[in-house]
file data.tsv (TSV, C-alpha atoms and all ligand atoms)
chain	number	residue	atom	x	y	z
A	1	MET	CA	0.00	0.00	0.00
A	2	GLU	CA	1.33	3.40	-0.92
A	3	LEU	CA	1.86	5.74	2.01
A	4	SER	CA	-0.30	8.87	2.03
A	5	LYS	CA	1.33	12.07	0.87
A	6	ILE	CA	2.90	14.37	3.45
A	7	TRP	CA	2.46	17.94	2.22
A	8	LEU	CA	4.69	20.94	2.75
A	9	SER	CA	1.78	23.01	4.03
A	10	SER	CA	-1.90	22.22	3.69
A	11	PRO	CA	-5.17	23.81	4.84
A	12	HIS	CA	-6.07	23.11	8.47
A	13	MET	CA	-9.60	23.92	9.56
A	14	GLY	CA	-10.37	24.69	13.20
A	15	GLY	CA	-14.08	23.82	13.32
A	16	LYS	CA	-15.94	27.12	13.54
A	17	GLU	CA	-15.41	27.99	9.86
A	18	GLU	CA	-18.55	26.12	8.79
A	19	VAL	CA	-20.65	27.93	11.39
A	20	TYR	CA	-19.75	31.32	9.89
A	21	VAL	CA	-20.22	30.04	6.34
A	22	LYS	CA	-23.60	28.52	7.22
A	23	GLU	CA	-24.65	31.84	8.75
A	24	ALA	CA	-23.78	33.51	5.45
A	25	PHE	CA	-26.00	31.04	3.58
A	26	ASP	CA	-28.83	31.29	6.13
A	27	THR	CA	-28.92	35.08	5.83
A	28	ASN	CA	-28.26	35.03	2.05
A	29	TRP	CA	-25.09	37.15	2.36
A	30	VAL	CA	-23.50	35.25	-0.52
A	31	ALA	CA	-21.72	38.26	-1.97
A	32	PRO	CA	-18.44	40.20	-1.88
A	33	LEU	CA	-19.68	42.10	1.17
A	34	GLY	CA	-21.53	41.28	4.38
A	35	PRO	CA	-21.11	40.73	8.12
A	36	ASN	CA	-18.31	38.15	7.82
A	37	VAL	CA	-16.21	40.57	5.75
A	38	ASN	CA	-16.51	43.29	8.40
A	39	GLY	CA	-16.10	40.75	11.20
A	40	PHE	CA	-12.97	39.26	9.65
A	41	GLU	CA	-11.46	42.72	9.16
A	42	ASN	CA	-12.16	43.56	12.83
A	43	ASP	CA	-10.63	40.27	13.97
A	44	ILE	CA	-7.40	41.01	12.09
A	45	GLU	CA	-7.31	44.63	13.29
A	46	ASN	CA	-7.57	43.43	16.90
A	47	TYR	CA	-5.01	40.71	16.34
A	48	LEU	CA	-2.42	43.12	14.95
A	49	GLU	CA	-2.56	45.13	18.22
A	50	LYS	CA	-1.95	48.47	16.51
A	51	GLU	CA	-4.06	51.36	15.29
A	52	VAL	CA	-4.55	49.92	11.82
A	53	TYR	CA	-7.33	49.49	9.29
A	54	VAL	CA	-7.68	46.26	7.35
A	55	GLY	CA	-9.36	45.79	3.97
A	56	ALA	CA	-10.17	42.17	3.06
A	57	LEU	CA	-9.46	41.46	-0.60
A	58	SER	CA	-9.59	38.52	-3.00
A	59	SER	CA	-5.86	37.72	-2.73
A	60	GLY	CA	-2.51	38.87	-1.44
A	61	THR	CA	-1.57	39.67	-5.03
A	62	ALA	CA	-4.61	41.96	-5.32
A	63	ALA	CA	-3.56	43.69	-2.08
A	64	LEU	CA	-0.05	44.26	-3.48
A	65	HIS	CA	-1.51	45.63	-6.71
A	66	ILE	CA	-3.85	48.02	-4.87
A	67	SER	CA	-0.96	49.09	-2.58
A	68	LEU	CA	1.07	50.23	-5.56
A	69	VAL	CA	-1.95	52.03	-7.02
A	70	LEU	CA	-2.46	53.86	-3.69
A	71	LEU	CA	1.20	54.90	-3.72
A	72	GLY	CA	0.72	56.41	-7.16
A	73	VAL	CA	2.90	54.01	-9.16
A	74	GLN	CA	2.59	54.89	-12.86
A	75	PRO	CA	3.90	53.42	-16.11
A	76	GLY	CA	7.65	54.03	-16.36
A	77	ASP	CA	8.16	54.37	-12.58
A	78	GLU	CA	10.69	52.20	-10.78
A	79	VAL	CA	9.77	50.01	-7.80
A	80	ILE	CA	12.34	48.22	-5.65
A	81	CYS	CA	11.54	44.61	-4.78
A	82	GLN	CA	13.28	41.95	-2.71
A	83	SER	CA	14.59	39.47	-5.28
A	84	MET	CA	14.24	36.38	-3.16
A	85	THR	CA	10.48	35.98	-2.91
A	86	PHE	CA	7.44	34.47	-4.58
A	87	SER	CA	6.67	36.04	-7.97
A	88	ALA	CA	3.44	37.54	-6.60
A	89	SER	CA	5.55	40.21	-4.84
A	90	ALA	CA	6.87	41.45	-8.18
A	91	ASN	CA	4.07	40.80	-10.68
A	92	PRO	CA	1.93	43.82	-9.66
A	93	ILE	CA	4.83	46.12	-10.60
A	94	MET	CA	4.42	44.79	-14.14
A	95	TYR	CA	0.61	45.13	-14.10
A	96	LEU	CA	1.18	48.90	-13.70
A	97	GLY	CA	3.76	49.16	-16.47
A	98	ALA	CA	6.46	50.05	-13.94
A	99	THR	CA	10.02	48.65	-13.78
A	100	PRO	CA	11.11	46.27	-11.01
A	101	ILE	CA	14.54	46.89	-9.48
A	102	PHE	CA	15.63	43.75	-7.64
A	103	VAL	CA	17.71	43.72	-4.45
A	104	ASP	CA	19.61	40.83	-2.87
A	105	SER	CA	19.07	39.28	0.58
A	106	GLU	CA	21.30	39.14	3.66
A	107	THR	CA	22.22	35.85	5.32
A	108	GLU	CA	20.58	36.35	8.75
A	109	THR	CA	16.91	36.72	7.85
A	110	TRP	CA	17.20	35.84	4.13
A	111	ASN	CA	15.32	39.08	3.43
A	112	ILE	CA	16.18	42.35	1.68
A	113	CYS	CA	19.73	43.45	2.51
A	114	PRO	CA	19.91	47.01	3.92
A	115	ASP	CA	23.31	47.71	2.30
A	116	ALA	CA	22.27	46.48	-1.14
A	117	LEU	CA	19.00	48.40	-0.77
A	118	GLU	CA	20.81	51.68	-0.09
A	119	ASP	CA	23.22	51.05	-2.99
A	120	ALA	CA	20.25	50.48	-5.27
A	121	ILE	CA	18.45	53.65	-4.17
A	122	LYS	CA	21.56	55.82	-4.57
A	123	ASP	CA	22.31	54.40	-8.01
A	124	ARG	CA	18.75	54.74	-9.29
A	125	ILE	CA	18.63	58.36	-8.07
A	126	ALA	CA	22.02	59.01	-9.75
A	127	LYS	CA	20.61	57.54	-12.96
A	128	GLY	CA	17.72	60.00	-12.80
A	129	LYS	CA	14.75	58.24	-11.17
A	130	LYS	CA	13.90	57.95	-7.51
A	131	PRO	CA	12.11	54.62	-6.86
A	132	LYS	CA	8.43	55.03	-5.98
A	133	ALA	CA	8.23	52.22	-3.40
A	134	ILE	CA	10.15	49.41	-1.70
A	135	ILE	CA	8.56	45.96	-1.53
A	136	ALA	CA	10.16	44.09	1.39
A	137	VAL	CA	9.14	40.55	2.33
A	138	HIS	CA	9.17	38.49	5.55
A	139	LEU	CA	10.14	35.16	3.95
A	140	TYR	CA	8.86	31.96	5.53
A	141	GLY	CA	7.58	34.10	8.42
A	142	MET	CA	11.01	35.53	9.33
A	143	PRO	CA	10.78	39.30	9.91
A	144	PHE	CA	13.10	41.41	7.77
A	145	LYS	CA	15.55	43.81	9.47
A	146	ALA	CA	12.76	46.28	10.14
A	147	ASP	CA	14.74	48.96	12.01
A	148	GLU	CA	17.36	49.23	9.29
A	149	ILE	CA	14.95	49.03	6.36
A	150	LEU	CA	12.56	51.60	7.87
A	151	LYS	CA	15.46	53.96	8.50
A	152	ILE	CA	16.45	53.81	4.82
A	153	SER	CA	12.84	54.31	3.78
A	154	GLN	CA	12.63	57.45	5.96
A	155	LYS	CA	16.03	58.78	4.90
A	156	TYR	CA	15.13	58.68	1.20
A	157	GLU	CA	11.38	59.22	1.72
A	158	ILE	CA	10.39	56.11	-0.21
A	159	PRO	CA	7.35	54.26	1.18
A	160	ILE	CA	7.46	50.57	2.11
A	161	VAL	CA	5.00	47.95	0.95
A	162	GLU	CA	5.45	45.23	3.56
A	163	ASP	CA	4.72	41.84	2.00
A	164	SER	CA	3.64	39.96	5.10
A	165	ALA	CA	1.86	37.23	3.13
A	166	GLU	CA	3.88	34.54	4.91
A	167	ALA	CA	4.25	36.25	8.28
A	168	LEU	CA	0.87	36.69	9.98
A	169	GLY	CA	1.62	36.34	13.71
A	170	SER	CA	5.37	36.93	13.42
A	171	THR	CA	6.81	39.83	15.42
A	172	TYR	CA	9.90	42.04	15.43
A	173	LYS	CA	10.72	43.64	18.80
A	174	GLY	CA	7.23	42.64	19.90
A	175	GLN	CA	5.44	44.39	17.02
A	176	LYS	CA	3.31	42.29	14.67
A	177	CYS	CA	4.42	41.90	11.07
A	178	GLY	CA	2.07	43.61	8.66
A	179	THR	CA	2.15	46.85	10.68
A	180	PHE	CA	5.66	48.09	9.79
A	181	GLY	CA	5.16	49.30	6.24
A	182	ASP	CA	3.26	52.29	4.94
A	183	ILE	CA	1.03	49.51	3.65
A	184	GLY	CA	1.08	45.87	4.79
A	185	VAL	CA	-0.13	42.89	2.80
A	186	LEU	CA	-1.49	39.56	4.08
A	187	SER	CA	-2.42	36.39	2.18
A	188	PHE	CA	-4.92	33.66	3.03
A	189	ASN	CA	-4.16	31.33	0.15
A	190	GLY	CA	-4.57	27.59	0.73
A	191	ASN	CA	-0.96	26.97	1.73
A	192	LYS	CA	-0.57	29.93	4.13
A	193	ILE	CA	-0.65	29.83	7.93
A	194	ILE	CA	-4.41	30.41	7.84
A	195	THR	CA	-6.57	30.24	4.75
A	196	THR	CA	-9.88	31.54	3.45
A	197	SER	CA	-9.48	29.11	0.50
A	198	GLY	CA	-8.07	32.15	-1.29
A	199	GLY	CA	-7.88	35.73	-0.10
A	200	GLY	CA	-5.74	38.57	1.12
A	201	ALA	CA	-5.80	41.83	3.02
A	202	LEU	CA	-4.33	45.30	2.95
A	203	VAL	CA	-3.23	46.85	6.27
A	204	THR	CA	-2.71	50.57	6.78
A	205	ALA	CA	-2.67	53.13	9.58
A	206	LYS	CA	-4.58	55.56	7.33
A	207	LYS	CA	-8.34	55.15	7.29
A	208	GLU	CA	-8.57	57.05	4.00
A	209	TRP	CA	-6.25	54.48	2.36
A	210	LYS	CA	-8.36	51.58	3.56
A	211	ASP	CA	-11.48	53.29	2.27
A	212	LYS	CA	-9.77	54.02	-1.05
A	213	ALA	CA	-8.60	50.38	-1.30
A	214	VAL	CA	-12.16	49.12	-0.80
A	215	PHE	CA	-13.47	51.70	-3.29
A	216	LEU	CA	-10.95	50.66	-5.96
A	217	SER	CA	-11.58	46.95	-5.23
A	218	THR	CA	-15.31	47.29	-5.88
A	219	GLN	CA	-15.01	48.86	-9.36
A	220	ALA	CA	-14.48	52.45	-8.19
A	221	ARG	CA	-18.16	53.34	-8.17
A	222	ASP	CA	-18.87	56.99	-7.49
A	223	ASN	CA	-21.73	57.93	-5.21
A	224	ALA	CA	-24.62	58.11	-7.69
A	225	PRO	CA	-27.85	56.15	-8.36
A	226	HIS	CA	-26.53	55.03	-11.76
A	227	TYR	CA	-23.12	53.46	-12.42
A	228	GLN	CA	-20.74	56.40	-12.45
A	229	HIS	CA	-16.93	56.08	-12.57
A	230	SER	CA	-14.18	58.68	-12.38
A	231	GLU	CA	-11.36	56.17	-11.89
A	232	VAL	CA	-10.34	52.74	-13.14
A	233	GLY	CA	-11.60	50.11	-10.68
A	234	TYR	CA	-10.90	46.47	-9.89
A	235	ASN	CA	-12.98	43.50	-8.77
A	236	TYR	CA	-10.83	42.57	-5.78
A	237	ARG	CA	-13.12	42.46	-2.73
A	238	MET	CA	-13.24	39.34	-0.54
A	239	SER	CA	-16.50	37.41	-0.54
A	240	ASN	CA	-18.60	36.97	2.59
A	241	ILE	CA	-18.23	33.17	2.26
A	242	CYS	CA	-14.42	33.30	2.24
A	243	ALA	CA	-14.45	35.81	5.10
A	244	GLY	CA	-16.55	33.32	7.11
A	245	ILE	CA	-13.79	30.75	6.75
A	246	GLY	CA	-11.34	33.47	7.79
A	247	ARG	CA	-13.27	34.26	10.99
A	248	GLY	CA	-13.10	30.62	12.00
A	249	GLN	CA	-9.40	30.47	11.13
A	250	MET	CA	-8.59	33.54	13.25
A	251	GLU	CA	-9.77	31.57	16.30
A	252	VAL	CA	-7.06	28.96	15.73
A	253	LEU	CA	-4.28	31.19	14.38
A	254	ASP	CA	-2.21	31.25	17.56
A	255	SER	CA	-2.48	27.51	18.01
A	256	HIS	CA	-1.42	27.02	14.36
A	257	ILE	CA	1.62	29.22	15.00
A	258	ALA	CA	2.55	27.18	18.08
A	259	LYS	CA	2.33	23.99	16.00
A	260	ARG	CA	4.39	25.40	13.11
A	261	ARG	CA	7.00	26.56	15.61
A	262	SER	CA	7.07	23.13	17.18
A	263	MET	CA	7.76	21.66	13.70
A	264	ASN	CA	10.78	23.95	13.58
A	265	ASP	CA	11.90	22.63	16.99
A	266	PHE	CA	11.39	19.09	15.69
A	267	TYR	CA	13.82	19.72	12.80
A	268	THR	CA	16.26	21.51	15.09
A	269	ASP	CA	16.37	18.50	17.42
A	270	LEU	CA	16.49	16.00	14.57
A	271	LEU	CA	19.38	17.75	12.79
A	272	ARG	CA	21.30	19.10	15.77
A	273	ASP	CA	24.26	16.74	15.30
A	274	ASN	CA	24.27	16.89	11.51
A	275	ASP	CA	26.90	19.46	10.60
A	276	ALA	CA	25.97	19.36	6.89
A	277	ILE	CA	22.62	20.99	7.69
A	278	THR	CA	21.62	24.35	9.14
A	279	VAL	CA	18.03	24.86	10.23
A	280	PHE	CA	16.77	28.39	9.52
A	281	LYS	CA	16.19	30.16	12.86
A	282	GLU	CA	15.70	33.62	14.31
A	283	PRO	CA	19.05	35.48	14.54
A	284	ASN	CA	18.24	36.81	18.07
A	285	GLU	CA	15.37	37.53	20.50
A	286	ASP	CA	14.21	40.60	18.55
A	287	TYR	CA	12.78	38.20	15.99
A	288	PHE	CA	9.80	35.88	16.45
A	289	SER	CA	8.94	33.87	13.34
A	290	ASN	CA	5.64	32.05	12.87
A	291	HIS	CA	7.84	29.50	11.04
A	292	TRP	CA	5.23	29.20	8.31
A	293	LEU	CA	7.70	26.93	6.56
A	294	SER	CA	10.72	25.33	8.17
A	295	ALA	CA	13.73	25.53	5.89
A	296	ILE	CA	17.23	24.11	5.93
A	297	LEU	CA	20.49	24.70	4.10
A	298	VAL	CA	22.39	21.62	2.92
A	299	ASN	CA	26.15	22.04	2.60
A	300	PRO	CA	27.22	19.52	-0.09
A	301	GLU	CA	30.89	19.67	1.02
A	302	LYS	CA	29.92	18.35	4.42
A	303	ALA	CA	27.30	15.93	3.06
A	304	ASN	CA	29.66	13.77	0.97
A	305	GLY	CA	28.73	15.73	-2.14
A	306	ARG	CA	25.03	15.20	-1.80
A	307	THR	CA	22.87	18.25	-2.43
A	308	ARG	CA	19.52	19.55	-1.31
A	309	GLU	CA	18.17	18.21	-4.61
A	310	ASP	CA	19.31	14.69	-3.69
A	311	LEU	CA	17.50	15.03	-0.38
A	312	ARG	CA	14.39	16.40	-2.10
A	313	LEU	CA	14.28	13.47	-4.53
A	314	SER	CA	14.86	10.98	-1.75
A	315	LEU	CA	11.92	12.43	0.22
A	316	GLU	CA	9.77	12.50	-2.91
A	317	GLY	CA	10.44	8.77	-3.31
A	318	LYS	CA	8.81	8.34	0.10
A	319	ASN	CA	5.84	10.51	-0.87
A	320	ILE	CA	7.03	13.41	1.29
A	321	GLU	CA	6.83	16.86	-0.29
A	322	SER	CA	9.73	19.27	0.14
A	323	ARG	CA	10.65	22.22	-2.05
A	324	PRO	CA	13.66	24.38	-2.93
A	325	LEU	CA	13.56	27.92	-1.54
A	326	TRP	CA	12.06	30.65	-3.73
A	327	LYS	CA	14.12	31.06	-6.86
A	328	PRO	CA	15.21	34.73	-6.88
A	329	MET	CA	13.33	36.98	-9.28
A	330	HIS	CA	16.50	38.29	-10.97
A	331	MET	CA	17.17	34.68	-12.07
A	332	GLN	CA	13.68	34.16	-13.51
A	333	PRO	CA	13.29	34.25	-17.32
A	334	VAL	CA	10.44	36.75	-17.02
A	335	PHE	CA	12.45	39.21	-14.91
A	336	GLU	CA	16.13	38.59	-15.73
A	337	LYS	CA	16.47	41.68	-17.94
A	338	PHE	CA	15.72	44.05	-15.04
A	339	PRO	CA	18.41	45.64	-12.80
A	340	PHE	CA	19.68	43.71	-9.78
A	341	TYR	CA	21.72	45.04	-6.85
A	342	GLY	CA	23.71	42.78	-4.56
A	343	SER	CA	25.98	39.76	-4.81
A	344	ASN	CA	25.18	36.07	-4.76
A	345	VAL	CA	23.47	35.67	-1.37
A	346	SER	CA	19.98	34.80	-2.62
A	347	GLU	CA	21.45	32.69	-5.41
A	348	THR	CA	23.39	30.58	-2.90
A	349	LEU	CA	20.38	30.27	-0.62
A	350	PHE	CA	18.38	29.00	-3.58
A	351	GLU	CA	21.07	26.47	-4.47
A	352	ASP	CA	21.39	25.01	-0.98
A	353	GLY	CA	18.00	25.61	0.59
A	354	LEU	CA	15.05	23.28	1.05
A	355	CYS	CA	11.65	23.77	2.70
A	356	LEU	CA	10.43	20.77	4.69
A	357	PRO	CA	6.89	19.70	5.64
A	358	SER	CA	5.72	22.33	8.12
A	359	GLY	CA	1.93	22.10	8.40
A	360	SER	CA	0.11	22.63	11.68
A	361	ASN	CA	-1.82	19.42	10.97
A	362	LEU	CA	1.08	16.95	10.73
A	363	THR	CA	0.56	13.90	12.95
A	364	SER	CA	3.12	12.12	15.09
A	365	GLU	CA	3.08	9.29	12.49
A	366	ASP	CA	3.93	11.86	9.80
A	367	LYS	CA	6.79	13.14	11.95
A	368	THR	CA	8.14	9.62	12.45
A	369	ARG	CA	8.06	9.04	8.70
A	370	ILE	CA	9.88	12.34	8.06
A	371	LYS	CA	12.44	11.58	10.73
A	372	ASP	CA	13.13	8.05	9.43
A	373	SER	CA	13.37	9.30	5.84
A	374	ILE	CA	15.84	12.09	6.64
A	375	GLN	CA	17.93	9.82	8.86
A	376	SER	CA	18.09	7.09	6.25
A	377	PHE	CA	19.23	9.64	3.66
A	378	PHE	CA	22.23	10.67	5.81
B	401	LIG	C1	1.49	33.86	-1.14
B	401	LIG	C2	2.31	35.05	-1.35
B	401	LIG	C3	1.82	36.18	-2.02
B	401	LIG	C4	0.52	36.21	-2.78
B	401	LIG	O1	-0.60	35.95	-2.08
B	401	LIG	P1	-1.88	35.33	-2.84
B	401	LIG	O2	-2.94	35.45	-1.80
B	401	LIG	O3	-1.54	33.93	-3.19
B	401	LIG	O4	-2.16	36.17	-4.03
B	401	LIG	C5	2.61	37.30	-2.10
B	401	LIG	N1	3.83	37.32	-1.57
B	401	LIG	C6	4.36	36.25	-0.94
B	401	LIG	C7	5.72	36.37	-0.36
B	401	LIG	C8	3.62	35.08	-0.82
B	401	LIG	O5	4.16	34.02	-0.23
call {"tool": "encode", "arguments": {"input": "data.tsv", "output": "structure tokens"}}
result
Amino acid sequence: MELSKIWLSSPHMGGKEEVYVKEAFDTNWVAPLGPNVNGFENDIENYLEKEVYVGALSSGTAALHISLVLLGVQPGDEVICQSMTFSASANPIMYLGATPIFVDSETETWNICPDALEDAIKDRIAKGKKPKAIIAVHLYGMPFKADEILKISQKYEIPIVEDSAEALGSTYKGQKCGTFGDIGVLSFNGNKIITTSGGGALVTAKKEWKDKAVFLSTQARDNAPHYQHSEVGYNYRMSNICAGIGRGQMEVLDSHIAKRRSMNDFYTDLLRDNDAITVFKEPNEDYFSNHWLSAILVNPEKANGRTREDLRLSLEGKNIESRPLWKPMHMQPVFEKFPFYGSNVSETLFEDGLCLPSGSNLTSEDKTRIKDSIQSFF
């Protein structure tokens, strides 16, 4: 009998989701508005523990797109983006006809490198264009170097779009991720720490930006009895059904984080004595990662020449999903012609890095299978 598949990260329902969804059906709020949408937004606002406004949208990508629209990004503008990320961080720059400028990572948090960022800004200004925004990402739930990045943003007066799609519940110096940028972005896709089956949110301290985001996301309808439009709109609002799932998921978010973090402890214990492998961890107590995905670096020199790809294939043979880290955007065919600032940090991380099964719903049998498979590989 074939063993069931162990996924990297799969949806994990808490129980109350169906109650909220049923309520939506019972009251016929089957639409991209309704009490669950407002309730879900309130739940996130309370969770983030800051004076922020949250707009629930159809995806994290939509939230990134609307963020750039709010910041006034126009065709021909330049937007800085962390190179090591999922393509959704960069695609909205292209939707607007703007130019992505990619920046390398540093080795501690794997996120945008402050030095390379400042080099990029200075050089773009010297070449005649000041970038319109900086998209910085908290990869795998690990907060980026917020103090340093925010300082650069203030020094050059370039706003930050904080891609917190992977980092709901992570904190830096006690402050929740999603609340550092001029605009924060969350995702509730199926593989994220909580899911609405598909969805996202925009976070901002400015009420007028939240209102504008909702306005743009519902086709930019002016206040008139007929359909009247003075701006280009989008159909990006979250549905009341999805928001119902989200309300149920918010009730189990902290317990999901505890479980994901315990998966990271599991790998740390398992690989403690293996000097070919480094488990990705917080650099110091300022950082608290939700450990959405646990990741490792495999050093082939210390692993008798075997690479992360050998390990990945070996796990695949046992029906266990693992995946290389995000392939940097400046190495992607679709983006390779755009400027890149930095050295080979993200490239090396991509070559040696592997994400391991990290779901909050993994059973102790799953863990035993993972443990046996990794041990038999080494
Ligand atoms: C998932 C993800 C997104 C996009 O979110 P969707 O809800 O899938 O559109 C953006 N950025 C990062 C870093 C992500 O991991």
call {"tool": "residues_around", "arguments": {"input": "data.tsv", "residues": "A:Gly14", "least_positions_apart": "3", "cutoff": "7 Å", "atoms": "only C-alpha atoms", "output": "list in words"}}
result
Glu17, Gly248, Gln249 and Val252 of chain A
call {"tool": "closest_atom_pairs", "arguments": {"input": "data.tsv", "of": "chain A", "to": "ligand LIG 401 (chain B)", "cutoff": "7 Å", "atoms": "all atoms listed in the file", "output": "CSV"}}
result
residue,atom,partner,partner_atom,distance
A:Ser59,CA,B:LIG401,O2,3.8
A:Gly60,CA,B:LIG401,O2,3.5
A:Thr61,CA,B:LIG401,O4,3.7
A:Ala62,CA,B:LIG401,O4,6.4
A:Thr85,CA,B:LIG401,C7,5.4
A:Phe86,CA,B:LIG401,C7,4.9
A:Ala88,CA,B:LIG401,C5,4.6
A:Ser89,CA,B:LIG401,N1,4.7
A:Val137,CA,B:LIG401,C7,6.0
A:Leu139,CA,B:LIG401,C7,6.3
A:Asp163,CA,B:LIG401,N1,5.8
A:Ser164,CA,B:LIG401,C7,6.9
A:Ala165,CA,B:LIG401,C8,4.8
A:Glu166,CA,B:LIG401,O5,5.2
A:Ser187,CA,B:LIG401,O2,4.1
A:Phe188,CA,B:LIG401,O2,5.5
A:Asn189,CA,B:LIG401,O2,4.7
A:Lys192,CA,B:LIG401,C1,6.9
A:Gly198,CA,B:LIG401,O2,6.1
A:Gly199,CA,B:LIG401,O2,5.2
A:Gly200,CA,B:LIG401,O2,5.1
call {"tool": "closest_residue", "arguments": {"input": "data.tsv", "among": "A:Leu117, A:Cys242, A:Leu354, A:Val69", "to": "A:Val279", "atoms": "all atoms listed in the file"}}
result
A:Leu354
call {"tool": "residues_around", "arguments": {"input": "data.tsv", "residues": "A:Ala63", "least_positions_apart": "3", "cutoff": "10 Å", "atoms": "all atoms listed in the file", "output": "MDAnalysis selection string"}}
result
chainID A and resid 55:60 66:69 92 163 165 183:187 199:203 213 217 236:237
call {"tool": "residues_around", "arguments": {"input": "data.tsv", "residues": "stretch 101-112 of chain A", "least_positions_apart": "5", "cutoff": "9 Å", "atoms": "only C-alpha atoms", "output": "short mmCIF file (atom, residue, chain, number, x, y, z; two decimals) with C-alpha atoms, keeping the file's coordinate frame"}}
result
data_model
loop_
_atom_site.label_atom_id
_atom_site.label_comp_id
_atom_site.auth_asym_id
_atom_site.auth_seq_id
_atom_site.Cartn_x
_atom_site.Cartn_y
_atom_site.Cartn_z
CA GLU A 78 10.69 52.20 -10.78
CA VAL A 79 9.77 50.01 -7.80
CA ILE A 80 12.34 48.22 -5.65
CA CYS A 81 11.54 44.61 -4.78
CA GLN A 82 13.28 41.95 -2.71
CA SER A 83 14.59 39.47 -5.28
CA MET A 84 14.24 36.38 -3.16
CA THR A 85 10.48 35.98 -2.91
CA LEU A 117 19.00 48.40 -0.77
CA ALA A 120 20.25 50.48 -5.27
CA ARG A 124 18.75 54.74 -9.29
CA PRO A 131 12.11 54.62 -6.86
CA ALA A 136 10.16 44.09 1.39
CA VAL A 137 9.14 40.55 2.33
CA HIS A 138 9.17 38.49 5.55
CA LEU A 139 10.14 35.16 3.95
CA MET A 142 11.01 35.53 9.33
CA PRO A 143 10.78 39.30 9.91
CA PHE A 144 13.10 41.41 7.77
CA LYS A 145 15.55 43.81 9.47
CA ILE A 149 14.95 49.03 6.36
CA PHE A 280 16.77 28.39 9.52
CA LYS A 281 16.19 30.16 12.86
CA GLU A 282 15.70 33.62 14.31
CA PRO A 283 19.05 35.48 14.54
CA PRO A 328 15.21 34.73 -6.88
CA MET A 329 13.33 36.98 -9.28
CA HIS A 330 16.50 38.29 -10.97
CA PHE A 338 15.72 44.05 -15.04
CA PRO A 339 18.41 45.64 -12.80
CA PHE A 340 19.68 43.71 -9.78
CA TYR A 341 21.72 45.04 -6.85
CA GLY A 342 23.71 42.78 -4.56
CA SER A 343 25.98 39.76 -4.81
CA ASN A 344 25.18 36.07 -4.76
CA VAL A 345 23.47 35.67 -1.37
CA SER A 346 19.98 34.80 -2.62
CA GLU A 347 21.45 32.69 -5.41
CA LEU A 349 20.38 30.27 -0.62
#
call {"tool": "residues_around", "arguments": {"input": "data.tsv", "residues": "A:Glu118", "least_positions_apart": "3", "cutoff": "10 Å", "atoms": "only C-alpha atoms", "output": "JSON, numbers by chain"}}
result
{"A": [103, 113, 114, 115, 121, 122, 123, 124, 149, 152, 153, 155, 156, 341]}
call {"tool": "atom_distance", "arguments": {"input": "data.tsv", "atom1": "atom CA of A:Thr195", "atom2": "atom CA of A:Gly246"}}
result
6.5 Å
call {"tool": "closest_residue", "arguments": {"input": "data.tsv", "among": "A:Ile194, A:Ala220, A:Ile135, A:Ile374", "to": "A:Ile245", "atoms": "only C-alpha atoms"}}
result
A:Ile194
call {"tool": "build_atoms", "arguments": {"input": "data.tsv", "residues": "stretch 232-242 of chain A", "atoms": "N, CA and C atoms", "output": "PDB file, in the coordinates of the input"}}
result
ATOM      1  N   VAL A 232     -10.348  54.149 -12.746  1.00  0.00           N
ATOM      2  CA  VAL A 232     -10.340  52.740 -13.140  1.00  0.00           C
ATOM      3  C   VAL A 232     -10.459  51.896 -11.874  1.00  0.00           C
ATOM      4  N   GLY A 233     -11.403  50.943 -11.860  1.00  0.00           N
ATOM      5  CA  GLY A 233     -11.600  50.110 -10.680  1.00  0.00           C
ATOM      6  C   GLY A 233     -11.169  48.666 -10.919  1.00  0.00           C
ATOM      7  N   TYR A 234     -11.261  47.888  -9.849  1.00  0.00           N
ATOM      8  CA  TYR A 234     -10.900  46.470  -9.890  1.00  0.00           C
ATOM      9  C   TYR A 234     -11.986  45.677  -9.177  1.00  0.00           C
ATOM     10  N   ASN A 235     -12.045  44.375  -9.474  1.00  0.00           N
ATOM     11  CA  ASN A 235     -12.980  43.500  -8.770  1.00  0.00           C
ATOM     12  C   ASN A 235     -12.163  42.631  -7.816  1.00  0.00           C
ATOM     13  N   TYR A 236     -11.799  43.185  -6.689  1.00  0.00           N
ATOM     14  CA  TYR A 236     -10.830  42.570  -5.780  1.00  0.00           C
ATOM     15  C   TYR A 236     -11.348  42.366  -4.360  1.00  0.00           C
ATOM     16  N   ARG A 237     -12.641  42.570  -4.114  1.00  0.00           N
ATOM     17  CA  ARG A 237     -13.120  42.460  -2.730  1.00  0.00           C
ATOM     18  C   ARG A 237     -13.240  40.995  -2.334  1.00  0.00           C
ATOM     19  N   MET A 238     -13.055  40.710  -1.039  1.00  0.00           N
ATOM     20  CA  MET A 238     -13.240  39.340  -0.540  1.00  0.00           C
ATOM     21  C   MET A 238     -14.722  39.039  -0.418  1.00  0.00           C
ATOM     22  N   SER A 239     -15.093  37.775  -0.675  1.00  0.00           N
ATOM     23  CA  SER A 239     -16.500  37.410  -0.540  1.00  0.00           C
ATOM     24  C   SER A 239     -16.836  37.107   0.914  1.00  0.00           C
ATOM     25  N   ASN A 240     -18.124  37.225   1.231  1.00  0.00           N
ATOM     26  CA  ASN A 240     -18.600  36.970   2.590  1.00  0.00           C
ATOM     27  C   ASN A 240     -18.461  35.504   2.982  1.00  0.00           C
ATOM     28  N   ILE A 241     -18.425  34.606   1.985  1.00  0.00           N
ATOM     29  CA  ILE A 241     -18.230  33.170   2.260  1.00  0.00           C
ATOM     30  C   ILE A 241     -16.776  32.942   2.692  1.00  0.00           C
ATOM     31  N   CYS A 242     -15.839  33.455   1.898  1.00  0.00           N
ATOM     32  CA  CYS A 242     -14.420  33.300   2.240  1.00  0.00           C
ATOM     33  C   CYS A 242     -14.123  33.936   3.597  1.00  0.00           C
TER      34      CYS A 242
END
